[in-house]
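Contents: one structure, followed by commentary.
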Amino acid sequence: VGTISGTSISFGTAVVFNSATTEFISSSIDANTSKLLVTYKDGGNSNYASCRVGTVSGTSISFGTESVITSADCTNISCSVDPSTSGSVVVTYNRNWLGKGKVGVISGTSVSWGSEFVMLAGEAGYPTVRFNPSTAGSFICTFQYLSKSAMSVGTVSGTTATMGTIAYISTVEPVVNFHLAFNPFQSGQFICAFKTTGISSYIGRVVTVKLATAPSTNLTATNFIGISSAAYASGAT
């Protein structure tokens, strides 16, 4: 855990949350309760998608026991805590390259999970999820679909998620490794960064997306306002 002061940062002592081989790590904090959710693939438990909840105090963190998200070999695990609904979380992952996910509720240092949902009927590679801080229960999923970058809006009710229609973010292909961040100063605006892979180059691209004030799960010309994008090659300034 680190503390920012001006342009410097001081860190506390590193804490081990999983002593076995650990891959596809993602984390998200609940600012309302100072609980930290860490999700990962646990090589010490059949490569299952797993998680732990940590409690932050100053620059220290203590973790509860491990919880299995799904008893299957998973990759590309991503998580997000709803900043508007205390304890509500969404986790997405690939299982046999299908885009899957679950909604959970944090209580103390444990998580109870709902039934698995499917992003779409087909492959959805490298899924990444983030809650929309402007709308409680609304989240964005980005993923590779037909080698292009795509997205859909999801809505949470309890421990159930409903996914909307698909919209392409960029038709440049193929794409991997998505990263999302909402703009805290512009309602419904977020950036999506990803890597495109070519024969001889790996190019980083970023796209700005603006949703309507009250997003629907169905992306249309009305509520999907548009995107702007830029591409950056290795070594570019």
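Labeling convention for the structure tokens: chains A, B, ... as they appear, residues from 1 per chain, ligands from 1 in order of appearance.
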Closest atom pairs, stretch 109-171 of chain A residues within 7 Å of stretch 75-96 of chain A, only C-alpha atoms, as a tab-separated table:
residue	atom	partner	partner_atom	distance
A:Gly125	CA	A:Asn94	CA	6.7
A:Tyr126	CA	A:Asn76	CA	5.5
A:Pro127	CA	A:Tyr93	CA	6.2
A:Thr128	CA	A:Ser78	CA	5.4
A:Val129	CA	A:Ser78	CA	6.1
A:Arg130	CA	A:Ser80	CA	5.3
A:Phe131	CA	A:Asp82	CA	5.5
A:Pro133	CA	A:Pro83	CA	6.0
A:Ala136	CA	A:Ser84	CA	5.1
A:Gly137	CA	A:Asp82	CA	6.8
Give me the residues near A:Ser115 as a CSV table (one decimal) with C-alpha atoms, in the first residue's frame, where near means some atom within 10 Å (using only C-alpha atoms) and where sequence neighbours in that chain fewer than 3 positions away do not count.
chain,number,residue,atom,x,y,z
A,70,THR,CA,-15.1,-20.5,-10.7
A,101,GLY,CA,-18.1,-13.4,-15.7
A,102,LYS,CA,-19.7,-13.4,-12.3
A,103,VAL,CA,-21.2,-10.8,-9.9
A,104,GLY,CA,-20.2,-11.0,-6.3
A,159,THR,CA,-25.8,-11.0,-8.2
A,160,THR,CA,-27.1,-11.1,-11.7
A,161,ALA,CA,-25.7,-9.3,-14.7
Close residues, A:Ser19 itself excluded, 9 Å, only C-alpha atoms, min 3 positions apart in chain, as a PyMOL selection string: chain A and resi 16+22+44
Keeping only C-alpha atoms, write those residues as a PDB file, in the first residue's frame.
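So the final result, stored in result_11.pdb, reads:
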ATOM      1  CA  VAL A  16       2.016 -12.089  -0.061  1.00  0.00           C
ATOM      2  CA  THR A  22      -0.039 -16.557  -9.652  1.00  0.00           C
ATOM      3  CA  GLY A  44      -1.675 -23.971  -6.605  1.00  0.00           C
TER       4      GLY A  44
END
Mind giving me the straight-line distance from atom CA of A:Val206 to atom CA of A:Phe139 in Å, one decimal?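 Computed distance, atom CA of A:Val206 to atom CA of A:Phe139, equals 19.1 Å.
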Quick one: of A:Met163, A:Ile203, A:Cys192, A:Cys74, who's nearest to A:Phe117, counting only C-alpha atoms? A:Met163
Contacts of A:Phe185 at 12 Å or less, counting only C-alpha atoms, minus same-chain residues fewer than 4 places along, as an MDAnalysis selection string? chainID A and resid 133:134 181 189:190
Got a sec: who's within 12 Å of A:Ile4, counting only C-alpha atoms, leaving out chain neighbours fewer than 6 positions off, as a PyMOL selection string? chain A and resi 10-12+58-59
Find the residues around A:Val176 up to 7 Å (only C-alpha atoms counted), leave out those fewer than 4 positions away in its own chain, and share them as a ChimeraX atom specification. /A:126,144,194-196
Can you tell me, as a PyMOL selection string, which residues in chain A count as strand (DSSP E) by DSSP? chain A and resi 2-5+8-11+22-30+35-42+48-57+60-63+67-73+75-81+88-95+98-107+110-113+117-123+125-131+138-145+148-157+160-163+167-170+175-182+189-197+202-211+224-232
Nearby residues (only C-alpha atoms) at most 7 Å from stretch 152-155 of chain A, same-chain spacing under 3 positions excluded, as JSON, numbers by chain: {"A": [137, 138, 139, 140, 141, 142, 161, 162, 163, 164, 165, 166, 167, 217]}
Restricting the output to N, CA and C atoms, write the selected residues as a short mmCIF file (atom, residue, chain, number, x, y, z; two decimals), in the first residue's frame.
data_model
loop_
_atom_site.label_atom_id
_atom_site.label_comp_id
_atom_site.auth_asym_id
_atom_site.auth_seq_id
_atom_site.Cartn_x
_atom_site.Cartn_y
_atom_site.Cartn_z
N GLY A 137 -24.49 0.32 -10.65
CA GLY A 137 -24.87 -0.96 -11.23
C GLY A 137 -24.57 -1.10 -12.71
N SER A 138 -23.96 -0.08 -13.34
CA SER A 138 -23.66 -0.13 -14.77
C SER A 138 -22.16 -0.32 -14.96
N PHE A 139 -21.78 -1.25 -15.84
CA PHE A 139 -20.36 -1.49 -16.08
C PHE A 139 -20.10 -1.66 -17.58
N ILE A 140 -18.84 -1.48 -17.95
CA ILE A 140 -18.39 -1.63 -19.32
C ILE A 140 -17.49 -2.86 -19.41
N CYS A 141 -17.72 -3.67 -20.43
CA CYS A 141 -16.81 -4.76 -20.75
C CYS A 141 -16.21 -4.50 -22.12
N THR A 142 -14.90 -4.57 -22.22
CA THR A 142 -14.23 -4.53 -23.52
C THR A 142 -13.58 -5.87 -23.77
N ALA A 161 -26.08 -10.33 -13.77
CA ALA A 161 -25.67 -9.32 -14.75
C ALA A 161 -26.39 -9.56 -16.07
N THR A 162 -26.82 -8.48 -16.70
CA THR A 162 -27.44 -8.52 -18.02
C THR A 162 -26.56 -7.75 -18.99
N MET A 163 -26.18 -8.37 -20.08
CA MET A 163 -25.31 -7.74 -21.06
C MET A 163 -26.11 -7.19 -22.23
N GLY A 164 -25.65 -6.06 -22.76
CA GLY A 164 -26.30 -5.44 -23.90
C GLY A 164 -25.68 -5.86 -25.22
N THR A 165 -25.97 -5.09 -26.24
CA THR A 165 -25.47 -5.38 -27.57
C THR A 165 -24.01 -4.96 -27.71
N ILE A 166 -23.38 -5.42 -28.77
CA ILE A 166 -21.96 -5.17 -29.01
C ILE A 166 -21.77 -3.94 -29.89
N ALA A 167 -20.77 -3.14 -29.57
CA ALA A 167 -20.35 -2.03 -30.43
C ALA A 167 -18.84 -2.13 -30.62
N THR A 217 -28.28 -0.70 -21.89
CA THR A 217 -27.48 -1.86 -22.26
C THR A 217 -27.44 -2.04 -23.76
#
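For the pair atom CA of A:Asn45 and atom CA of A:Asn177, the interatomic distance is 24.8 Å.
The space separating atom CA of A:Tyr145 from atom CA of A:Ala124 comes to 5.3 Å.
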Using only C-alpha atoms, pick whichever of A:Thr65, A:Ser157, A:Asn18, A:Thr55 has the shortest atom-to-atom distance to A:Val105. A:Ser157
